[in-house]
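Asker: Here it is: the structure, laid out below.
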Amino acid sequence: MMPAYRTLAEWEAHKQNLRAQIMFAAGLDPMPAKSPLHPVIFGRIEHAEYSIEKVYIEALPGYYLCGNLYRPRGRTGKHPGVLVAHGHWDYGRLENQPLNSGPLRCFNLAKQGYVAFSYDMVGYDDTTQTPHDFGGAREALWNFQSLGLQLWNSIRSLDFLQSLEDVDPDRIAMTGESGGGTQTFLLAAVDDRVKFAVPVNMISAIMQGGSQCENAPGLRFDSFNVEFGAMMAPRPMLMISATGDWTKNTPREEFPAIRSIYELYGKADNVETVQIDAPHNYNRASREAMYSFFSRRILGEQKDVKEAHTEIEKLQDMLVWQGRALPSNALTYDQLEEQWIASAKKQAAETRDITALRARLRLALGVEWPEHVLSEMQGDKIVLGRLGKGDRVSCMKFGHGIPSNIVIAPARPLDQFGSVLMVTVFQTEEAIAPRNRSPKFFLTFNRSDDANRVQDIVTALAYLKQEGAKNLRIGAGGRAGIWALFAAAVAGVPVAFDGDFGDFHGSDQEFIDQFFVPGIQRAGGLEAARRVLASR
């Protein structure tokens, strides 16, 4: 269900948090450096009303993104630009069948006066330096995965489109179906340069995407695609849905939810919906709805636009690397991964803003400093929780007065700490309970066990602060010392760390074995936690 946002200020604050969450999950916080694109445009095919060219750009050093550029002919001046993303079809951007035709879509856009750039998903057609789905435990630590690389490719595609002399950089639109619909609403959510959007058959409350390119770890902590789609507000958007897929409820459920956000801006008319009686598609009827929307919103022409037909080029005539080798500096998958990690290490080391380091650690862990902690007391036993979260943190109080010390798995006798709150954290001791971690993309929606342990410690710290405790301190040893260190680093108030974590030095394998949290190395890892703690 879409949460109710009563004021624009409330939504805007949440929107900024969502944007940060998307960017971090994608591995794009901090943003990689935008190296020169070195665009190569060649192989021009000319028709009476439009032309097609092959394109490759260097989205990252040694990594090439490919596509086709469709331009109108016989028209002068600058034209609106349209980014065209594709879904999980066998032929990618070149799919041409009754349910979907990428080439027909782009030909018609060019004929109508737009410059359209149709680019590959990762692992499709010409963009094959990585598979489409990739990434293991190590890649997860560094947020190196297909969703992030794909979102980066969309950002760089927008850079390329805006750079063209015949494109009006202030009139950029985007459309895509299925997985391309996910690309459309994610780019629109994080990049305000997208002024008009038509996501097709994807914004759904009942299905969030079936591919790894739509499901990075941490992406949907406490959120879902309907909120992501609403981040387009108040810019004009058309939601196209189908009766035969997971967007079957859109006119009754998802559209009204998103329209409620547009209403906060006083721009309810800027979001529209059309439902097509068809299975999952970007068919002719759906495309005509998109053409008509763009015609009204971008060109200012109040008319329904019908699709024209043309002969589609042969596949081999549209492929970028047909009869052509990748550039000599093209990286292998392993080299690209190592470059990504080296860049991330450099960015973390060069970050001087401690607040930014703490924010990234919080995003990786999915941790919050609760405004109010609920508590139930039975003698010296206290159970803590957070409103609406369903968590229960079991604690035991030792000593007199309000404790200022939290202890987890103590390395020395409790009486050496004074008044103490002993915390039993997530999935330890009596807090162990069944947890099914087997569903696909489990970590897209759920925090890891170690991240939840950090949250429990932070919740306990917030409770003690709420009760009036001064000079908070955490004592812990062994593996619990790692949980405690990160909790102290991300807490909302200064906390002293009085513990150790044995032989843990912060290597990738140690994080995998002892403190598995996707994105934790991208956030700066052990060194970032130490730097944040030292600053307090």
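Just remember, in the structure tokens the first chain shown is A, the second B, etc., residues are 1-based per chain, and ligands are 1-based in the order shown.
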Where in segment 73-191 of chain A does DSSP assign alpha helix (DSSP H), given as a ChimeraX atom specification?

Answerer: /A:102-111,137-141,146-163,179-190

Asker: Skip segment 360-373 of chain A itself and residues of its chain fewer than 2 positions away, then list as a ChimeraX atom specification all residues within 7 Å of it, counting only C-alpha atoms.

Answerer: /A:21,24,356-358,375,384-386,447,451,455,458-459,462-463,490-492,517-520,523

Asker: Quote the spacing between atom CA of Ser438 of chain A and atom CA of Asp456 of chain A in Å to one decimal place.

Answerer: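 According to the coordinates, atom CA of Ser438 of chain A and atom CA of Asp456 of chain A are separated by 23.0 Å.
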
Asker: Name the residues in contact with Ile512 of chain A at a cut-off of 7 Å, using only C-alpha atoms, excluding same-chain residues fewer than 4 positions from it; report them as number ranges by chain.

Answerer: A: 137, 508, 516

Asker: Kindly export the residues of the current selection with N, CA and C atoms, as a short mmCIF file (atom, residue, chain, number, x, y, z; two decimals), in the first residue's frame.

Answerer:
```cif
data_model
loop_
_atom_site.label_atom_id
_atom_site.label_comp_id
_atom_site.auth_asym_id
_atom_site.auth_seq_id
_atom_site.Cartn_x
_atom_site.Cartn_y
_atom_site.Cartn_z
N ALA A 137 28.93 -12.61 -3.81
CA ALA A 137 29.03 -11.98 -2.50
C ALA A 137 30.01 -10.82 -2.50
N ASP A 508 37.62 -8.22 2.10
CA ASP A 508 36.37 -8.68 1.50
C ASP A 508 35.95 -10.02 2.07
N PHE A 516 28.38 -9.77 6.94
CA PHE A 516 27.95 -9.63 5.55
C PHE A 516 26.83 -8.60 5.44
#
```

Asker: Excluding segment 341-347 of chain A and residues on its chain fewer than 4 positions from it, collect all residues at most 7 Å away from it, counting only C-alpha atoms, and give them as a list in words.

Answerer: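 Answer for this query is Trp142, Glu337, Thr351 and Arg522 of chain A.
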
Asker: Using only C-alpha atoms for the distances, tell me which of A:Ile474, A:Ala20, A:Cys106, A:Met1 is nearest to Glu253 of chain A.

Answerer: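 Closest to Glu253 of chain A of all the choices is A:Met1.
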
Asker: Which residue, A:Asp317, A:Val40, A:Leu238, A:Phe107, has the smallest gap to Arg296 of chain A when you use only C-alpha atoms?

Answerer: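 Closest to Arg296 of chain A of all the choices is A:Leu238.
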
Asker: Which one is closest to Ala308 of chain A: A:Leu109, A:Met377, A:Ala85, A:Cys66? Count only C-alpha atoms.

Answerer: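 Using only C-alpha atoms, Ala308 of chain A sits closest to A:Leu109.
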
Asker: Please tabulate, as JSON lines, the residues of segment 87-192 of chain A that come within 12 Å of segment 212-220 of chain A, each with its closest pair of atoms and the distance in Å to one decimal, counting only C-alpha atoms and ordering rows by chain, then residue number upward.

Answerer:
```
{"residue": "A:Gly87", "atom": "CA", "partner": "A:Cys213", "partner_atom": "CA", "distance": 10.6}
{"residue": "A:His88", "atom": "CA", "partner": "A:Cys213", "partner_atom": "CA", "distance": 10.2}
{"residue": "A:Met121", "atom": "CA", "partner": "A:Cys213", "partner_atom": "CA", "distance": 8.8}
{"residue": "A:Val122", "atom": "CA", "partner": "A:Cys213", "partner_atom": "CA", "distance": 8.4}
{"residue": "A:Gly123", "atom": "CA", "partner": "A:Cys213", "partner_atom": "CA", "distance": 10.4}
{"residue": "A:Pro131", "atom": "CA", "partner": "A:Cys213", "partner_atom": "CA", "distance": 10.7}
{"residue": "A:His132", "atom": "CA", "partner": "A:Cys213", "partner_atom": "CA", "distance": 7.4}
{"residue": "A:Asp133", "atom": "CA", "partner": "A:Gln212", "partner_atom": "CA", "distance": 5.6}
{"residue": "A:Phe134", "atom": "CA", "partner": "A:Gln212", "partner_atom": "CA", "distance": 7.7}
{"residue": "A:Gly135", "atom": "CA", "partner": "A:Gln212", "partner_atom": "CA", "distance": 9.1}
{"residue": "A:Gly136", "atom": "CA", "partner": "A:Pro217", "partner_atom": "CA", "distance": 11.4}
{"residue": "A:Ala137", "atom": "CA", "partner": "A:Pro217", "partner_atom": "CA", "distance": 10.8}
{"residue": "A:Glu139", "atom": "CA", "partner": "A:Pro217", "partner_atom": "CA", "distance": 10.8}
{"residue": "A:Ala140", "atom": "CA", "partner": "A:Pro217", "partner_atom": "CA", "distance": 7.4}
{"residue": "A:Leu141", "atom": "CA", "partner": "A:Pro217", "partner_atom": "CA", "distance": 9.7}
{"residue": "A:Trp142", "atom": "CA", "partner": "A:Pro217", "partner_atom": "CA", "distance": 10.8}
{"residue": "A:Asn143", "atom": "CA", "partner": "A:Ala216", "partner_atom": "CA", "distance": 8.0}
{"residue": "A:Phe144", "atom": "CA", "partner": "A:Ala216", "partner_atom": "CA", "distance": 9.2}
{"residue": "A:Gln145", "atom": "CA", "partner": "A:Ala216", "partner_atom": "CA", "distance": 7.1}
{"residue": "A:Ser146", "atom": "CA", "partner": "A:Cys213", "partner_atom": "CA", "distance": 4.8}
{"residue": "A:Leu147", "atom": "CA", "partner": "A:Cys213", "partner_atom": "CA", "distance": 4.0}
{"residue": "A:Gly148", "atom": "CA", "partner": "A:Ala216", "partner_atom": "CA", "distance": 7.6}
{"residue": "A:Leu149", "atom": "CA", "partner": "A:Cys213", "partner_atom": "CA", "distance": 8.6}
{"residue": "A:Gln150", "atom": "CA", "partner": "A:Cys213", "partner_atom": "CA", "distance": 7.1}
{"residue": "A:Leu151", "atom": "CA", "partner": "A:Cys213", "partner_atom": "CA", "distance": 9.0}
{"residue": "A:Trp152", "atom": "CA", "partner": "A:Cys213", "partner_atom": "CA", "distance": 11.8}
{"residue": "A:Ser178", "atom": "CA", "partner": "A:Glu214", "partner_atom": "CA", "distance": 10.1}
{"residue": "A:Gly179", "atom": "CA", "partner": "A:Glu214", "partner_atom": "CA", "distance": 7.0}
{"residue": "A:Gly180", "atom": "CA", "partner": "A:Glu214", "partner_atom": "CA", "distance": 9.6}
{"residue": "A:Gly181", "atom": "CA", "partner": "A:Glu214", "partner_atom": "CA", "distance": 10.0}
{"residue": "A:Thr182", "atom": "CA", "partner": "A:Glu214", "partner_atom": "CA", "distance": 6.7}
{"residue": "A:Gln183", "atom": "CA", "partner": "A:Glu214", "partner_atom": "CA", "distance": 8.1}
{"residue": "A:Thr184", "atom": "CA", "partner": "A:Glu214", "partner_atom": "CA", "distance": 11.3}
{"residue": "A:Phe185", "atom": "CA", "partner": "A:Glu214", "partner_atom": "CA", "distance": 11.1}
{"residue": "A:Leu186", "atom": "CA", "partner": "A:Glu214", "partner_atom": "CA", "distance": 9.4}
```

Asker: Which residues, written as a list of chain:residue names, have at least one atom at most 10 Å from Ser535 of chain A, with only C-alpha atoms counted and residues fewer than 2 positions away on the same chain left out?

Answerer: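 Final neighbour list, sorted by chain and number: A:Ile354, A:Thr355, A:Ala489, A:Pro494, A:Arg530, A:Arg531, A:Val532, A:Leu533.
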
Asker: Write out as number ranges by chain each polymer residue whose atoms come within 10 Å of Leu326 of chain A, counting only C-alpha atoms; drop sequence neighbours fewer than 6 positions from it.

Answerer: A: 56, 62-64, 126, 129, 320

Asker: From a DSSP calculation on the backbone, collect every residue of segment 207-372 of chain A in strand (DSSP E or B) and output the set as a list of chain:residue names.

Answerer: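 Selection result, strand (DSSP E or B) within segment 207-372 of chain A: A:Met237, A:Leu238, A:Met239, A:Ile240, A:Ser241, A:Ala242, A:Thr243, A:Gly244, A:Val271, A:Glu272, A:Thr273, A:Val274, A:Gln275, A:Ile276, A:Asp277, A:Ala278, A:Pro279, A:Tyr282.
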
Asker: Would you mind exporting N, CA, C and O atoms of the selected residues as a CSV table (one decimal), in the first residue's frame?

Answerer:
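Below you can see result-v9.csv, which holds the result:
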```
chain,number,residue,atom,x,y,z
A,237,MET,N,3.9,12.5,-16.8
A,237,MET,CA,4.2,11.1,-16.9
A,237,MET,C,2.9,10.4,-17.4
A,237,MET,O,1.8,10.7,-16.9
A,238,LEU,N,3.0,9.5,-18.3
A,238,LEU,CA,1.9,8.6,-18.7
A,238,LEU,C,2.3,7.2,-18.3
A,238,LEU,O,3.3,6.6,-18.6
A,239,MET,N,1.4,6.6,-17.5
A,239,MET,CA,1.5,5.2,-17.0
A,239,MET,C,0.7,4.3,-18.0
A,239,MET,O,-0.5,4.4,-18.0
A,240,ILE,N,1.4,3.5,-18.7
A,240,ILE,CA,0.7,2.5,-19.6
A,240,ILE,C,0.7,1.2,-19.0
A,240,ILE,O,1.8,0.7,-18.5
A,241,SER,N,-0.4,0.5,-18.9
A,241,SER,CA,-0.5,-0.8,-18.3
A,241,SER,C,-1.3,-1.7,-19.2
A,241,SER,O,-1.7,-1.4,-20.3
A,242,ALA,N,-1.3,-3.0,-18.8
A,242,ALA,CA,-2.0,-4.0,-19.6
A,242,ALA,C,-2.9,-4.9,-18.7
A,242,ALA,O,-2.6,-5.1,-17.5
A,243,THR,N,-3.9,-5.4,-19.3
A,243,THR,CA,-4.9,-6.2,-18.6
A,243,THR,C,-4.3,-7.6,-18.3
A,243,THR,O,-4.8,-8.3,-17.4
A,244,GLY,N,-3.3,-8.0,-19.0
A,244,GLY,CA,-2.8,-9.4,-19.0
A,244,GLY,C,-1.5,-9.5,-18.2
A,244,GLY,O,-0.8,-10.5,-18.5
A,271,VAL,N,-0.2,13.7,-14.6
A,271,VAL,CA,0.0,12.2,-14.7
A,271,VAL,C,-1.3,11.7,-15.3
A,271,VAL,O,-2.4,12.0,-15.0
A,272,GLU,N,-1.1,10.8,-16.3
A,272,GLU,CA,-2.2,10.2,-17.0
A,272,GLU,C,-2.0,8.6,-17.0
A,272,GLU,O,-0.9,8.1,-16.7
A,273,THR,N,-3.0,7.9,-17.3
A,273,THR,CA,-2.9,6.5,-17.4
A,273,THR,C,-3.8,6.0,-18.6
A,273,THR,O,-4.8,6.5,-19.0
A,274,VAL,N,-3.3,4.9,-19.2
A,274,VAL,CA,-3.9,4.2,-20.3
A,274,VAL,C,-3.7,2.7,-20.1
A,274,VAL,O,-2.6,2.3,-19.8
A,275,GLN,N,-4.8,2.0,-20.2
A,275,GLN,CA,-4.6,0.5,-20.1
A,275,GLN,C,-5.0,-0.2,-21.4
A,275,GLN,O,-6.0,0.2,-22.0
A,276,ILE,N,-4.1,-1.1,-21.9
A,276,ILE,CA,-4.3,-1.8,-23.1
A,276,ILE,C,-4.8,-3.2,-22.8
A,276,ILE,O,-4.2,-3.9,-21.9
A,277,ASP,N,-5.8,-3.7,-23.5
A,277,ASP,CA,-6.3,-5.1,-23.4
A,277,ASP,C,-5.3,-6.0,-24.1
A,277,ASP,O,-5.5,-6.3,-25.3
A,278,ALA,N,-4.3,-6.5,-23.4
A,278,ALA,CA,-3.3,-7.3,-24.1
A,278,ALA,C,-2.4,-7.9,-23.0
A,278,ALA,O,-2.4,-7.5,-21.8
A,279,PRO,N,-1.6,-8.9,-23.4
A,279,PRO,CA,-0.6,-9.4,-22.4
A,279,PRO,C,0.5,-8.4,-22.3
A,279,PRO,O,0.5,-7.4,-22.9
A,282,TYR,N,4.8,-3.9,-25.5
A,282,TYR,CA,4.8,-2.5,-25.9
A,282,TYR,C,4.3,-2.6,-27.4
A,282,TYR,O,5.1,-2.3,-28.3
```

Asker: For Arg453 of chain A, please output as a short mmCIF file (atom, residue, chain, number, x, y, z; two decimals) with C-alpha atoms, in the first residue's frame all residues within 10 Å (counting only C-alpha atoms; exclusion window: fewer than 6 positions along the same chain).

Answerer:
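Everything below was put into part_7.cif:
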```
data_model
loop_
_atom_site.label_atom_id
_atom_site.label_comp_id
_atom_site.auth_asym_id
_atom_site.auth_seq_id
_atom_site.Cartn_x
_atom_site.Cartn_y
_atom_site.Cartn_z
CA LEU A 365 23.12 -0.98 6.91
CA VAL A 367 19.86 1.67 10.02
CA VAL A 393 15.01 -6.42 21.22
CA THR A 424 20.61 -9.86 22.94
CA VAL A 425 20.70 -8.93 19.28
CA PHE A 426 18.99 -10.34 16.19
CA GLN A 427 19.37 -14.09 15.59
CA THR A 428 21.61 -14.70 18.62
CA ARG A 447 18.37 -6.31 5.74
CA THR A 459 17.79 1.00 19.09
CA ALA A 480 30.03 -8.77 18.47
CA TRP A 483 28.51 -5.07 15.26
CA ALA A 484 29.22 -2.66 18.13
CA ALA A 487 26.59 0.78 15.70
#
```

Asker: Rank A:Thr444, A:Ser154, A:Asn281, A:Gln112 by their smallest atom-to-atom distance to Phe224 of chain A, using only C-alpha atoms, and report the top residue only.

Answerer: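 For Phe224 of chain A, the nearest of the candidates is A:Thr444.
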
Asker: Rank A:Leu164, A:Leu94, A:Ile22, A:Ala173 by their smallest atom-to-atom distance to Val190 of chain A, using only C-alpha atoms, and report the top residue only.

Answerer: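 When distances to Val190 of chain A are compared using only C-alpha atoms, the smallest one comes from A:Ile22.
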
Asker: Which one is closest to Val167 of chain A: A:Trp246, A:Trp89, A:Phe228, A:Tyr70? Count only C-alpha atoms.

Answerer: A:Tyr70

Asker: Take atom CA of Val383 of chain A and atom CA of Arg437 of chain A and report the distance between them in Å, one decimal.

Answerer: 25.1 Å

Asker: Using Å and a single decimal, report how far atom CA of Ala188 of chain A sits from atom CA of Lys440 of chain A.

Answerer: 26.0 Å
